[in-house]
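Chemist: Coordinates in input39.cif, mmCIF, N, CA and C atoms, are listed below.
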```cif
data_run
#
loop_
_atom_site.label_atom_id
_atom_site.label_comp_id
_atom_site.auth_asym_id
_atom_site.auth_seq_id
_atom_site.Cartn_x
_atom_site.Cartn_y
_atom_site.Cartn_z
N MET A 1 0.84 -1.18 0.00
CA MET A 1 0.00 0.00 0.00
C MET A 1 0.89 1.24 0.00
N SER A 2 0.54 2.23 -0.79
CA SER A 2 1.32 3.45 -0.86
C SER A 2 1.00 4.35 0.33
N THR A 3 1.98 5.16 0.68
CA THR A 3 1.79 6.21 1.69
C THR A 3 2.19 7.52 1.03
N SER A 4 2.15 8.60 1.77
CA SER A 4 2.54 9.88 1.17
C SER A 4 4.03 9.94 0.87
N THR A 5 4.82 9.02 1.45
CA THR A 5 6.27 9.04 1.23
C THR A 5 6.77 7.87 0.40
N THR A 6 5.88 6.93 0.07
CA THR A 6 6.28 5.78 -0.73
C THR A 6 5.24 5.50 -1.81
N ALA A 7 5.65 4.78 -2.81
CA ALA A 7 4.74 4.29 -3.85
C ALA A 7 4.50 2.81 -3.58
N SER A 8 3.54 2.23 -4.26
CA SER A 8 3.30 0.79 -4.14
C SER A 8 3.13 0.21 -5.54
N VAL A 9 3.39 -1.11 -5.63
CA VAL A 9 3.39 -1.79 -6.92
C VAL A 9 2.61 -3.09 -6.83
N SER A 10 1.85 -3.37 -7.88
CA SER A 10 1.21 -4.68 -8.03
C SER A 10 1.29 -5.06 -9.50
N THR A 11 1.07 -6.34 -9.78
CA THR A 11 1.15 -6.81 -11.17
C THR A 11 0.28 -8.04 -11.34
N HIS A 12 -0.02 -8.34 -12.57
CA HIS A 12 -0.62 -9.62 -12.92
C HIS A 12 -0.20 -9.96 -14.35
N ILE A 13 -0.34 -11.24 -14.71
CA ILE A 13 0.08 -11.70 -16.04
C ILE A 13 -1.09 -12.42 -16.70
N LEU A 14 -1.35 -12.03 -17.94
CA LEU A 14 -2.33 -12.74 -18.76
C LEU A 14 -1.60 -13.36 -19.94
N ASP A 15 -1.74 -14.66 -20.10
CA ASP A 15 -1.17 -15.36 -21.26
C ASP A 15 -2.16 -15.18 -22.40
N THR A 16 -1.87 -14.27 -23.31
CA THR A 16 -2.81 -13.96 -24.39
C THR A 16 -2.91 -15.07 -25.42
N SER A 17 -1.97 -16.01 -25.43
CA SER A 17 -2.03 -17.11 -26.39
C SER A 17 -3.12 -18.11 -26.03
N ILE A 18 -3.51 -18.14 -24.76
CA ILE A 18 -4.57 -19.05 -24.34
C ILE A 18 -5.73 -18.32 -23.66
N GLY A 19 -5.59 -17.00 -23.50
CA GLY A 19 -6.66 -16.22 -22.90
C GLY A 19 -6.89 -16.51 -21.44
N ARG A 20 -5.83 -16.85 -20.73
CA ARG A 20 -5.94 -17.20 -19.32
C ARG A 20 -4.80 -16.57 -18.51
N PRO A 21 -5.00 -16.45 -17.20
CA PRO A 21 -3.92 -15.95 -16.36
C PRO A 21 -2.72 -16.90 -16.38
N ALA A 22 -1.55 -16.35 -16.19
CA ALA A 22 -0.33 -17.16 -16.11
C ALA A 22 0.01 -17.37 -14.64
N ALA A 23 -0.15 -18.59 -14.18
CA ALA A 23 0.10 -18.93 -12.78
C ALA A 23 1.52 -19.43 -12.59
N ASP A 24 2.01 -19.27 -11.38
CA ASP A 24 3.32 -19.79 -10.95
C ASP A 24 4.50 -19.18 -11.69
N VAL A 25 4.41 -17.92 -12.06
CA VAL A 25 5.54 -17.21 -12.66
C VAL A 25 6.24 -16.44 -11.55
N ALA A 26 7.53 -16.68 -11.39
CA ALA A 26 8.32 -15.96 -10.38
C ALA A 26 8.49 -14.50 -10.81
N VAL A 27 8.31 -13.60 -9.84
CA VAL A 27 8.46 -12.17 -10.08
C VAL A 27 9.38 -11.60 -9.00
N ARG A 28 10.43 -10.89 -9.45
CA ARG A 28 11.35 -10.23 -8.51
C ARG A 28 11.14 -8.73 -8.59
N LEU A 29 11.24 -8.06 -7.46
CA LEU A 29 11.06 -6.62 -7.38
C LEU A 29 12.35 -5.97 -6.91
N SER A 30 12.79 -4.96 -7.64
CA SER A 30 13.98 -4.18 -7.26
C SER A 30 13.62 -2.71 -7.32
N ALA A 31 14.38 -1.88 -6.59
CA ALA A 31 14.12 -0.44 -6.57
C ALA A 31 15.44 0.30 -6.49
N ARG A 32 15.39 1.57 -6.89
CA ARG A 32 16.55 2.45 -6.72
C ARG A 32 16.04 3.85 -6.44
N SER A 33 16.94 4.67 -5.90
CA SER A 33 16.55 6.01 -5.47
C SER A 33 17.14 7.09 -6.37
N GLY A 34 17.22 6.82 -7.65
CA GLY A 34 17.74 7.78 -8.62
C GLY A 34 18.35 7.05 -9.79
N ARG A 35 18.49 7.76 -10.91
CA ARG A 35 19.01 7.13 -12.13
C ARG A 35 20.40 6.53 -11.96
N SER A 36 21.24 7.15 -11.17
CA SER A 36 22.61 6.64 -11.01
C SER A 36 22.77 5.72 -9.81
N ALA A 37 21.73 5.52 -9.03
CA ALA A 37 21.80 4.65 -7.85
C ALA A 37 21.80 3.18 -8.28
N HIS A 38 22.35 2.34 -7.42
CA HIS A 38 22.36 0.90 -7.67
C HIS A 38 20.98 0.31 -7.35
N TRP A 39 20.64 -0.75 -8.07
CA TRP A 39 19.39 -1.44 -7.81
C TRP A 39 19.48 -2.19 -6.49
N GLN A 40 18.42 -2.15 -5.70
CA GLN A 40 18.32 -2.88 -4.45
C GLN A 40 17.25 -3.95 -4.63
N ALA A 41 17.65 -5.21 -4.51
CA ALA A 41 16.68 -6.30 -4.60
C ALA A 41 15.82 -6.28 -3.34
N LEU A 42 14.51 -6.27 -3.53
CA LEU A 42 13.59 -6.19 -2.40
C LEU A 42 12.93 -7.52 -2.09
N GLY A 43 12.97 -8.44 -3.02
CA GLY A 43 12.33 -9.74 -2.81
C GLY A 43 11.44 -10.06 -3.98
N GLY A 44 10.61 -11.04 -3.78
CA GLY A 44 9.76 -11.45 -4.88
C GLY A 44 8.57 -12.25 -4.44
N SER A 45 7.93 -12.80 -5.42
CA SER A 45 6.71 -13.56 -5.21
C SER A 45 6.51 -14.43 -6.45
N ALA A 46 5.36 -15.03 -6.55
CA ALA A 46 4.97 -15.78 -7.75
C ALA A 46 3.50 -15.51 -7.99
N THR A 47 3.11 -15.58 -9.25
CA THR A 47 1.71 -15.34 -9.58
C THR A 47 0.83 -16.47 -9.06
N ASP A 48 -0.34 -16.11 -8.62
CA ASP A 48 -1.30 -17.09 -8.11
C ASP A 48 -2.14 -17.64 -9.28
N PRO A 49 -3.12 -18.49 -9.04
CA PRO A 49 -3.92 -19.04 -10.14
C PRO A 49 -4.65 -17.98 -10.98
N ASP A 50 -4.85 -16.79 -10.42
CA ASP A 50 -5.45 -15.68 -11.17
C ASP A 50 -4.40 -14.83 -11.87
N GLY A 51 -3.13 -15.26 -11.83
CA GLY A 51 -2.05 -14.53 -12.48
C GLY A 51 -1.59 -13.30 -11.72
N ARG A 52 -2.02 -13.15 -10.48
CA ARG A 52 -1.71 -11.95 -9.70
C ARG A 52 -0.62 -12.20 -8.67
N CYS A 53 0.18 -11.16 -8.43
CA CYS A 53 1.15 -11.14 -7.33
C CYS A 53 0.58 -10.21 -6.27
N LYS A 54 0.06 -10.78 -5.23
CA LYS A 54 -0.60 -9.97 -4.21
C LYS A 54 0.31 -9.62 -3.03
N ASP A 55 1.50 -10.17 -3.01
CA ASP A 55 2.35 -9.99 -1.84
C ASP A 55 3.76 -9.49 -2.18
N LEU A 56 3.86 -8.58 -3.14
CA LEU A 56 5.16 -7.99 -3.44
C LEU A 56 5.60 -7.13 -2.26
N PRO A 57 6.91 -7.07 -1.99
CA PRO A 57 7.40 -6.27 -0.87
C PRO A 57 7.10 -4.78 -1.05
N ALA A 58 7.05 -4.07 0.06
CA ALA A 58 6.84 -2.62 0.04
C ALA A 58 8.09 -1.93 -0.50
N LEU A 59 7.89 -0.80 -1.13
CA LEU A 59 9.01 -0.01 -1.64
C LEU A 59 9.57 0.86 -0.52
N PRO A 60 10.90 1.00 -0.46
CA PRO A 60 11.47 1.87 0.55
C PRO A 60 11.22 3.34 0.23
N GLU A 61 11.23 4.16 1.25
CA GLU A 61 11.09 5.60 1.06
C GLU A 61 12.23 6.10 0.17
N GLY A 62 11.93 7.01 -0.71
CA GLY A 62 12.94 7.56 -1.62
C GLY A 62 13.05 6.83 -2.94
N THR A 63 12.24 5.80 -3.15
CA THR A 63 12.29 5.06 -4.41
C THR A 63 11.83 5.95 -5.56
N THR A 64 12.61 5.96 -6.64
CA THR A 64 12.24 6.73 -7.84
C THR A 64 12.04 5.82 -9.05
N HIS A 65 12.67 4.64 -9.03
CA HIS A 65 12.55 3.70 -10.14
C HIS A 65 12.34 2.30 -9.59
N VAL A 66 11.53 1.53 -10.31
CA VAL A 66 11.21 0.17 -9.92
C VAL A 66 11.45 -0.74 -11.11
N ARG A 67 11.91 -1.96 -10.82
CA ARG A 67 12.08 -2.97 -11.87
C ARG A 67 11.37 -4.25 -11.44
N LEU A 68 10.55 -4.76 -12.33
CA LEU A 68 9.91 -6.07 -12.15
C LEU A 68 10.57 -7.03 -13.11
N ASP A 69 11.07 -8.14 -12.61
CA ASP A 69 11.69 -9.18 -13.43
C ASP A 69 10.79 -10.41 -13.37
N PHE A 70 10.27 -10.79 -14.54
CA PHE A 70 9.38 -11.93 -14.66
C PHE A 70 10.16 -13.10 -15.26
N ALA A 71 10.23 -14.22 -14.57
CA ALA A 71 10.91 -15.43 -15.07
C ALA A 71 9.90 -16.26 -15.85
N VAL A 72 9.76 -15.97 -17.14
CA VAL A 72 8.70 -16.61 -17.93
C VAL A 72 9.12 -17.92 -18.59
N GLU A 73 10.41 -18.17 -18.71
CA GLU A 73 10.86 -19.39 -19.38
C GLU A 73 10.31 -20.66 -18.73
N PRO A 74 10.40 -20.83 -17.42
CA PRO A 74 9.83 -22.04 -16.82
C PRO A 74 8.33 -22.18 -17.07
N TYR A 75 7.63 -21.06 -17.07
CA TYR A 75 6.20 -21.08 -17.35
C TYR A 75 5.93 -21.65 -18.74
N PHE A 76 6.66 -21.15 -19.76
CA PHE A 76 6.43 -21.62 -21.12
C PHE A 76 6.88 -23.06 -21.33
N HIS A 77 7.96 -23.47 -20.66
CA HIS A 77 8.37 -24.87 -20.78
C HIS A 77 7.28 -25.78 -20.21
N HIS A 78 6.70 -25.38 -19.10
CA HIS A 78 5.61 -26.16 -18.51
C HIS A 78 4.41 -26.17 -19.44
N LYS A 79 4.07 -25.02 -20.01
CA LYS A 79 2.93 -24.94 -20.92
C LYS A 79 3.15 -25.77 -22.18
N GLN A 80 4.37 -25.75 -22.71
CA GLN A 80 4.67 -26.55 -23.90
C GLN A 80 4.53 -28.02 -23.60
N ALA A 81 4.91 -28.41 -22.41
CA ALA A 81 4.77 -29.81 -22.02
C ALA A 81 3.28 -30.19 -21.94
N ASP A 82 2.44 -29.20 -21.66
CA ASP A 82 0.99 -29.44 -21.61
C ASP A 82 0.31 -29.22 -22.95
N ALA A 83 1.12 -29.13 -24.04
CA ALA A 83 0.60 -28.95 -25.40
C ALA A 83 -0.22 -27.67 -25.52
N GLN A 84 0.42 -26.56 -25.20
CA GLN A 84 -0.22 -25.25 -25.32
C GLN A 84 -0.79 -25.09 -26.73
N GLN A 85 -1.99 -24.55 -26.83
CA GLN A 85 -2.67 -24.52 -28.12
C GLN A 85 -2.00 -23.64 -29.15
N ASP A 86 -1.14 -22.70 -28.78
CA ASP A 86 -0.47 -21.86 -29.78
C ASP A 86 0.90 -22.42 -30.15
N ALA A 87 1.28 -23.55 -29.61
CA ALA A 87 2.61 -24.09 -29.88
C ALA A 87 2.50 -25.52 -30.39
N PRO A 88 1.99 -25.71 -31.61
CA PRO A 88 1.90 -27.06 -32.17
C PRO A 88 3.28 -27.72 -32.25
N ALA A 89 3.27 -29.01 -32.40
CA ALA A 89 4.51 -29.79 -32.39
C ALA A 89 5.51 -29.34 -33.45
N ASN A 90 5.05 -28.77 -34.55
CA ASN A 90 5.98 -28.38 -35.61
C ASN A 90 6.59 -27.00 -35.41
N ARG A 91 6.21 -26.30 -34.34
CA ARG A 91 6.78 -24.98 -34.06
C ARG A 91 8.07 -25.12 -33.28
N ASP A 92 8.87 -24.06 -33.33
CA ASP A 92 10.10 -23.98 -32.53
C ASP A 92 9.75 -24.17 -31.06
N SER A 93 10.44 -25.07 -30.40
CA SER A 93 10.13 -25.33 -29.00
C SER A 93 10.93 -24.44 -28.06
N GLY A 94 11.78 -23.54 -28.58
CA GLY A 94 12.53 -22.63 -27.74
C GLY A 94 11.65 -21.51 -27.22
N VAL A 95 12.15 -20.84 -26.20
CA VAL A 95 11.46 -19.70 -25.62
C VAL A 95 12.17 -18.45 -26.10
N PHE A 96 11.48 -17.60 -26.81
CA PHE A 96 12.11 -16.42 -27.39
C PHE A 96 12.49 -15.39 -26.32
N PHE A 97 11.60 -15.14 -25.37
CA PHE A 97 11.88 -14.24 -24.24
C PHE A 97 11.94 -15.07 -22.96
N PRO A 98 13.14 -15.47 -22.51
CA PRO A 98 13.21 -16.27 -21.29
C PRO A 98 12.88 -15.49 -20.03
N GLU A 99 13.03 -14.17 -20.10
CA GLU A 99 12.64 -13.32 -18.98
C GLU A 99 12.19 -11.98 -19.53
N VAL A 100 11.39 -11.29 -18.74
CA VAL A 100 10.91 -9.97 -19.10
C VAL A 100 11.25 -9.04 -17.94
N ALA A 101 11.97 -7.97 -18.22
CA ALA A 101 12.32 -6.98 -17.21
C ALA A 101 11.65 -5.66 -17.58
N ILE A 102 10.87 -5.14 -16.67
CA ILE A 102 10.14 -3.90 -16.88
C ILE A 102 10.64 -2.88 -15.85
N THR A 103 11.12 -1.74 -16.33
CA THR A 103 11.59 -0.68 -15.46
C THR A 103 10.71 0.54 -15.65
N PHE A 104 10.31 1.17 -14.54
CA PHE A 104 9.45 2.34 -14.63
C PHE A 104 9.71 3.29 -13.47
N ALA A 105 9.36 4.55 -13.69
CA ALA A 105 9.54 5.60 -12.68
C ALA A 105 8.29 5.66 -11.80
N VAL A 106 8.49 5.98 -10.53
CA VAL A 106 7.38 6.09 -9.59
C VAL A 106 7.44 7.42 -8.83
N THR A 107 6.30 7.81 -8.32
CA THR A 107 6.16 9.02 -7.52
C THR A 107 5.57 8.63 -6.18
N PRO A 108 6.11 9.13 -5.07
CA PRO A 108 5.55 8.80 -3.75
C PRO A 108 4.05 9.10 -3.69
N GLY A 109 3.34 8.23 -3.01
CA GLY A 109 1.91 8.40 -2.83
C GLY A 109 1.06 7.77 -3.93
N GLU A 110 1.68 7.30 -4.99
CA GLU A 110 0.96 6.71 -6.12
C GLU A 110 1.03 5.18 -6.05
N HIS A 111 -0.01 4.54 -6.58
CA HIS A 111 0.02 3.08 -6.75
C HIS A 111 0.23 2.78 -8.22
N TYR A 112 1.07 1.79 -8.51
CA TYR A 112 1.39 1.40 -9.87
C TYR A 112 1.03 -0.05 -10.08
N HIS A 113 0.00 -0.29 -10.88
CA HIS A 113 -0.36 -1.65 -11.26
C HIS A 113 0.16 -1.85 -12.68
N VAL A 114 1.03 -2.84 -12.86
CA VAL A 114 1.72 -3.04 -14.14
C VAL A 114 1.40 -4.44 -14.66
N PRO A 115 0.34 -4.57 -15.47
CA PRO A 115 0.00 -5.86 -16.05
C PRO A 115 0.95 -6.24 -17.18
N LEU A 116 1.23 -7.52 -17.29
CA LEU A 116 2.04 -8.07 -18.37
C LEU A 116 1.14 -8.95 -19.23
N LEU A 117 1.00 -8.59 -20.50
CA LEU A 117 0.28 -9.41 -21.47
C LEU A 117 1.34 -10.21 -22.20
N LEU A 118 1.25 -11.52 -22.13
CA LEU A 118 2.36 -12.38 -22.52
C LEU A 118 1.92 -13.43 -23.53
N ASN A 119 2.80 -13.73 -24.48
CA ASN A 119 2.64 -14.89 -25.35
C ASN A 119 4.04 -15.40 -25.67
N PRO A 120 4.20 -16.54 -26.28
CA PRO A 120 5.54 -17.11 -26.47
C PRO A 120 6.47 -16.25 -27.31
N PHE A 121 5.95 -15.35 -28.12
CA PHE A 121 6.81 -14.60 -29.03
C PHE A 121 6.69 -13.09 -28.87
N GLY A 122 6.07 -12.63 -27.79
CA GLY A 122 5.97 -11.20 -27.56
C GLY A 122 5.30 -10.90 -26.24
N TYR A 123 5.38 -9.63 -25.86
CA TYR A 123 4.71 -9.19 -24.64
C TYR A 123 4.41 -7.70 -24.73
N SER A 124 3.53 -7.26 -23.86
CA SER A 124 3.15 -5.86 -23.77
C SER A 124 2.88 -5.55 -22.31
N VAL A 125 3.19 -4.35 -21.90
CA VAL A 125 2.89 -3.90 -20.53
C VAL A 125 2.25 -2.53 -20.61
N TYR A 126 1.59 -2.16 -19.53
CA TYR A 126 0.99 -0.84 -19.45
C TYR A 126 0.74 -0.51 -17.99
N ARG A 127 0.50 0.76 -17.70
CA ARG A 127 0.12 1.13 -16.33
C ARG A 127 -1.38 0.94 -16.22
N GLY A 128 -1.75 0.01 -15.41
CA GLY A 128 -3.16 -0.28 -15.19
C GLY A 128 -3.71 0.51 -14.02
N SER A 129 -4.83 0.04 -13.53
CA SER A 129 -5.45 0.72 -12.39
C SER A 129 -5.76 -0.29 -11.29
#
```
For the file at hand, write its structure as structure tokens.
Modeler:
Amino acid sequence: MSTSTTASVSTHILDTSIGRPAADVAVRLSARSGRSAHWQALGGSATDPDGRCKDLPALPEGTTHVRLDFAVEPYFHHKQADAQQDAPANRDSGVFFPEVAITFAVTPGEHYHVPLLLNPFGYSVYRGS
């Protein structure tokens, strides 16, 4: 939850190739207090059956930039093993994006919901609500 001195972050993942949430994707959260500052790893979580990360760590006071790292390769390997409908047997079985890193600026007092729309060969993000 954001306060007047900190921002807060949430995310969820939708696998657009099957029209369903992406469960069990590891998500790491990092923050920094300026463009030239070093990234501080804050911890992580994994998406639940609804594709949501409800327990990401709080951001420290003074955070100006946030990075979400999504480990999507294990998710797609598991999906391919389950014969994902967009990955027929004659398609390349490799994962084009093994991870997705999203970096964005934050302002204290604001909440940032950053959904990831994902498929085996592309992704899109946006600031949600």
Chemist: Step by step: start from the point (12.0, -1.4, -17.5) in the file's coordinates, keep every protein, DNA or RNA residue that has an atom no farther than 7 Å from it, count all atoms listed in the file, and write the set as a PyMOL selection string.
Modeler: chain A and resi 66-68+101-104
Chemist: Please, what distance in Å, to one decimal, runs between atom CA of A:Tyr123 and atom CA of A:Gly109?
Modeler: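 One can read the atom CA of A:Tyr123 to atom CA of A:Gly109 distance as 28.2 Å.
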Chemist: Report the distance between atom CA of A:Gly62 and atom CA of A:Pro108 in Å, rounded to one decimal place.
Modeler: 7.8 Å
Chemist: Please write the residues picked by the PyMOL selection byres ((chain A and resi 27) around 5) on this file as a list in words.
Modeler: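 Checking the PyMOL selection byres ((chain A and resi 27) around 5) against this file, the residues are Val25, Ala26, Arg28, Leu29, Gly44, Ser45, Ala46, Asp69 and Phe70 of chain A.
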Chemist: Specify as a tab-separated table (two decimals) with N, CA and C atoms, in the frame of the given file each residue included when the PyMOL selection byres ((chain A and resi 107) around 8) is applied to this file.
Modeler:
```tsv
chain	number	residue	atom	x	y	z
A	4	SER	N	2.15	8.60	1.77
A	4	SER	CA	2.54	9.88	1.17
A	4	SER	C	4.03	9.94	0.87
A	5	THR	N	4.82	9.02	1.45
A	5	THR	CA	6.27	9.04	1.23
A	5	THR	C	6.77	7.87	0.40
A	6	THR	N	5.88	6.93	0.07
A	6	THR	CA	6.28	5.78	-0.73
A	6	THR	C	5.24	5.50	-1.81
A	7	ALA	N	5.65	4.78	-2.81
A	7	ALA	CA	4.74	4.29	-3.85
A	7	ALA	C	4.50	2.81	-3.58
A	8	SER	N	3.54	2.23	-4.26
A	8	SER	CA	3.30	0.79	-4.14
A	8	SER	C	3.13	0.21	-5.54
A	63	THR	N	12.24	5.80	-3.15
A	63	THR	CA	12.29	5.06	-4.41
A	63	THR	C	11.83	5.95	-5.56
A	64	THR	N	12.61	5.96	-6.64
A	64	THR	CA	12.24	6.73	-7.84
A	64	THR	C	12.04	5.82	-9.05
A	65	HIS	N	12.67	4.64	-9.03
A	65	HIS	CA	12.55	3.70	-10.14
A	65	HIS	C	12.34	2.30	-9.59
A	104	PHE	N	10.31	1.17	-14.54
A	104	PHE	CA	9.45	2.34	-14.63
A	104	PHE	C	9.71	3.29	-13.47
A	105	ALA	N	9.36	4.55	-13.69
A	105	ALA	CA	9.54	5.60	-12.68
A	105	ALA	C	8.29	5.66	-11.80
A	106	VAL	N	8.49	5.98	-10.53
A	106	VAL	CA	7.38	6.09	-9.59
A	106	VAL	C	7.44	7.42	-8.83
A	108	PRO	N	6.11	9.13	-5.07
A	108	PRO	CA	5.55	8.80	-3.75
A	108	PRO	C	4.05	9.10	-3.69
A	109	GLY	N	3.34	8.23	-3.01
A	109	GLY	CA	1.91	8.40	-2.83
A	109	GLY	C	1.06	7.77	-3.93
A	110	GLU	N	1.68	7.30	-4.99
A	110	GLU	CA	0.96	6.71	-6.12
A	110	GLU	C	1.03	5.18	-6.05
A	111	HIS	N	-0.01	4.54	-6.58
A	111	HIS	CA	0.02	3.08	-6.75
A	111	HIS	C	0.23	2.78	-8.22
A	112	TYR	N	1.07	1.79	-8.51
A	112	TYR	CA	1.39	1.40	-9.87
A	112	TYR	C	1.03	-0.05	-10.08
```
